[in-house]
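Structure first, then comments.
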Amino acid sequence: MKRWFDLTFRPFFVLTGAVTALGALNAFWPRWTVERIELIPFSQDYTIILQHWGILLGLMGIFMIVAAYSEAWRNPILIYSALEKAFIVYLVMANVRRPYSRGFWAGAAMDATVVLYSIVYFLFRITKQQRPLMPAPEQGAARSIIVL
């Protein structure tokens with residue numbers, strides 16, 4: 001399993017991060033993105049929240065790509081992205097019979113894949129204790145506590 005993660009982690013998070021970052025199109029071209037990509041009617045009344053959501057997606061995607069290369073970024077970014085993506089999957093599934101959800105099906109499928117990958121990644125790390133969650137205390141620190 002370690003070899004599998006070693007081989008797939010970087011390409012998986014670069015690819016899914018890049019696709020997530022495409023959500024930034026909402027920030028810069030909200031009408032075009034909503035009508036052509038998300039396939040839902042555009043409402044001028046929601047432009048501000050749509051643009052805000054777009055910039056959040058863009059940054060999340062960039063951070064996922066950085067996490068693919070930086071181990072220091074992995075835990076916080078994977079936890080945050082898994083929670084964020086799990087919630088959008090839940091929202092799409094809860095509204096699957098509504099016509100406005102159909103533009104989000106492909107994104108929700110990708111997000112579900114990221115969530116599952118992240119869960120398996122963390123389960124593997126916890127069960128194999130690849131990296132301890134907390135470092136072992138130093139001998140000197142233990143002595144100083146006893147002296148106190």
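Ordering of the structure tokens sets the chain letters (A, B, ...); residue numbers start at 1 within each chain; ligands are numbered from 1 in the order shown.
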| message | as a list of chain:residue names, please: the residues near Trp29 (chain A) (cut-off 10 Å, only C-alpha atoms, same-chain neighbours under 3 positions excluded). | response |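 The residues that qualify are A:Ala24, A:Leu25, A:Asn26, A:Trp32, A:Thr33, A:Val34, A:Thr47, A:Leu50, A:Gln51, A:Gly54.
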| field | helix (DSSP H, G or I) residues, from DSSP on the backbone, in region 7-148 of chain A, as a PyMOL selection string | value | chain A and resi 7-28+30-37+44-69+71-94+99-128+139-147
Produce a file of the selected residues containing C-alpha atoms, as a tab-separated table (two decimals), in the first residue's frame.
```tsv
chain	number	residue	atom	x	y	z
A	7	LEU	CA	3.27	6.24	-6.95
A	8	THR	CA	-0.15	7.90	-7.00
A	9	PHE	CA	-0.16	10.69	-4.42
A	10	ARG	CA	1.56	13.43	-6.41
A	11	PRO	CA	-0.17	12.84	-9.77
A	12	PHE	CA	-3.57	12.38	-8.08
A	13	PHE	CA	-3.40	15.64	-6.15
A	14	VAL	CA	-1.86	17.61	-9.01
A	15	LEU	CA	-4.66	16.46	-11.33
A	16	THR	CA	-7.54	16.88	-8.88
A	17	GLY	CA	-6.04	20.13	-7.60
A	18	ALA	CA	-5.87	21.51	-11.14
A	19	VAL	CA	-9.49	20.54	-11.82
A	20	THR	CA	-10.54	22.07	-8.48
A	21	ALA	CA	-8.60	25.25	-9.32
A	22	LEU	CA	-10.67	25.59	-12.50
A	23	GLY	CA	-13.51	26.62	-10.16
A	24	ALA	CA	-11.74	29.99	-10.08
A	25	LEU	CA	-13.46	30.65	-13.41
A	26	ASN	CA	-16.50	31.51	-11.28
A	27	ALA	CA	-14.54	34.35	-9.71
A	28	PHE	CA	-13.56	35.97	-13.00
A	30	PRO	CA	-19.27	34.00	-13.37
A	31	ARG	CA	-21.97	34.22	-16.05
A	32	TRP	CA	-20.00	32.21	-18.61
A	33	THR	CA	-18.96	29.56	-16.07
A	34	VAL	CA	-22.42	29.08	-14.63
A	35	GLU	CA	-24.14	28.84	-18.01
A	36	ARG	CA	-21.51	26.88	-19.95
A	37	ILE	CA	-19.78	24.69	-17.36
A	44	GLN	CA	-27.08	38.41	-11.19
A	45	ASP	CA	-28.28	38.51	-7.56
A	46	TYR	CA	-25.78	35.79	-6.59
A	47	THR	CA	-22.71	37.12	-8.40
A	48	ILE	CA	-20.82	38.12	-5.26
A	49	ILE	CA	-21.20	34.77	-3.52
A	50	LEU	CA	-20.45	32.95	-6.77
A	51	GLN	CA	-17.24	34.92	-7.24
A	52	HIS	CA	-16.28	34.32	-3.61
A	53	TRP	CA	-16.89	30.58	-4.05
A	54	GLY	CA	-14.79	30.68	-7.21
A	55	ILE	CA	-11.79	32.19	-5.49
A	56	LEU	CA	-12.10	29.66	-2.65
A	57	LEU	CA	-12.09	26.81	-5.18
A	58	GLY	CA	-9.14	28.31	-7.01
A	59	LEU	CA	-7.11	28.59	-3.82
A	60	MET	CA	-8.13	25.10	-2.66
A	61	GLY	CA	-6.92	23.67	-5.96
A	62	ILE	CA	-3.61	25.52	-5.74
A	63	PHE	CA	-3.13	24.34	-2.15
A	64	MET	CA	-3.86	20.74	-3.20
A	65	ILE	CA	-1.12	21.02	-5.84
A	66	VAL	CA	1.31	22.46	-3.27
A	67	ALA	CA	0.42	19.60	-0.88
A	68	ALA	CA	1.34	17.14	-3.62
A	69	TYR	CA	4.91	18.43	-3.41
A	71	GLU	CA	4.75	17.08	3.03
A	72	ALA	CA	4.35	19.90	5.55
A	73	TRP	CA	1.16	20.98	3.75
A	74	ARG	CA	-0.37	17.51	3.37
A	75	ASN	CA	-2.24	16.92	6.61
A	76	PRO	CA	-3.97	20.30	6.91
A	77	ILE	CA	-4.81	20.53	3.21
A	78	LEU	CA	-6.03	16.94	2.91
A	79	ILE	CA	-8.20	17.30	6.00
A	80	TYR	CA	-9.67	20.62	4.84
A	81	SER	CA	-10.19	19.48	1.24
A	82	ALA	CA	-11.80	16.20	2.35
A	83	LEU	CA	-14.25	18.05	4.61
A	84	GLU	CA	-15.06	20.69	2.00
A	85	LYS	CA	-15.47	18.14	-0.76
A	86	ALA	CA	-17.51	15.76	1.40
A	87	PHE	CA	-19.96	18.58	2.06
A	88	ILE	CA	-20.43	19.45	-1.62
A	89	VAL	CA	-20.94	15.72	-2.37
A	90	TYR	CA	-23.58	15.64	0.36
A	91	LEU	CA	-25.30	18.74	-1.05
A	92	VAL	CA	-25.37	17.35	-4.58
A	93	MET	CA	-26.66	13.97	-3.40
A	94	ALA	CA	-29.31	15.59	-1.21
A	99	PRO	CA	-32.63	20.09	-12.04
A	100	TYR	CA	-30.03	22.57	-10.77
A	101	SER	CA	-27.89	19.76	-9.32
A	102	ARG	CA	-27.08	18.17	-12.68
A	103	GLY	CA	-24.35	20.71	-13.42
A	104	PHE	CA	-22.52	19.57	-10.29
A	105	TRP	CA	-22.58	15.78	-10.82
A	106	ALA	CA	-19.15	15.51	-12.48
A	107	GLY	CA	-17.54	17.72	-9.85
A	108	ALA	CA	-19.21	15.78	-7.05
A	109	ALA	CA	-17.92	12.50	-8.53
A	110	MET	CA	-14.36	13.84	-8.58
A	111	ASP	CA	-14.77	15.26	-5.07
A	112	ALA	CA	-16.06	11.91	-3.79
A	113	THR	CA	-12.94	10.30	-5.24
A	114	VAL	CA	-10.72	12.83	-3.42
A	115	VAL	CA	-12.58	12.19	-0.17
A	116	LEU	CA	-12.21	8.41	-0.49
A	117	TYR	CA	-8.53	8.69	-1.43
A	118	SER	CA	-7.88	10.98	1.56
A	119	ILE	CA	-9.68	8.63	3.97
A	120	VAL	CA	-7.70	5.62	2.76
A	121	TYR	CA	-4.47	7.66	2.91
A	122	PHE	CA	-5.07	8.63	6.54
A	123	LEU	CA	-6.25	5.16	7.55
A	124	PHE	CA	-3.12	3.66	6.03
A	125	ARG	CA	-0.88	6.16	7.82
A	126	ILE	CA	-2.61	5.59	11.14
A	127	THR	CA	-2.61	1.77	10.93
A	128	LYS	CA	0.97	1.53	9.64
A	139	GLN	CA	14.90	12.12	27.83
A	140	GLY	CA	15.96	15.53	29.15
A	141	ALA	CA	12.40	16.83	29.02
A	142	ALA	CA	11.15	13.87	31.06
A	143	ARG	CA	13.82	14.45	33.72
A	144	SER	CA	13.04	18.13	34.01
A	145	ILE	CA	9.37	17.34	34.60
A	146	ILE	CA	10.27	14.87	37.38
A	147	VAL	CA	12.55	17.42	39.05
```
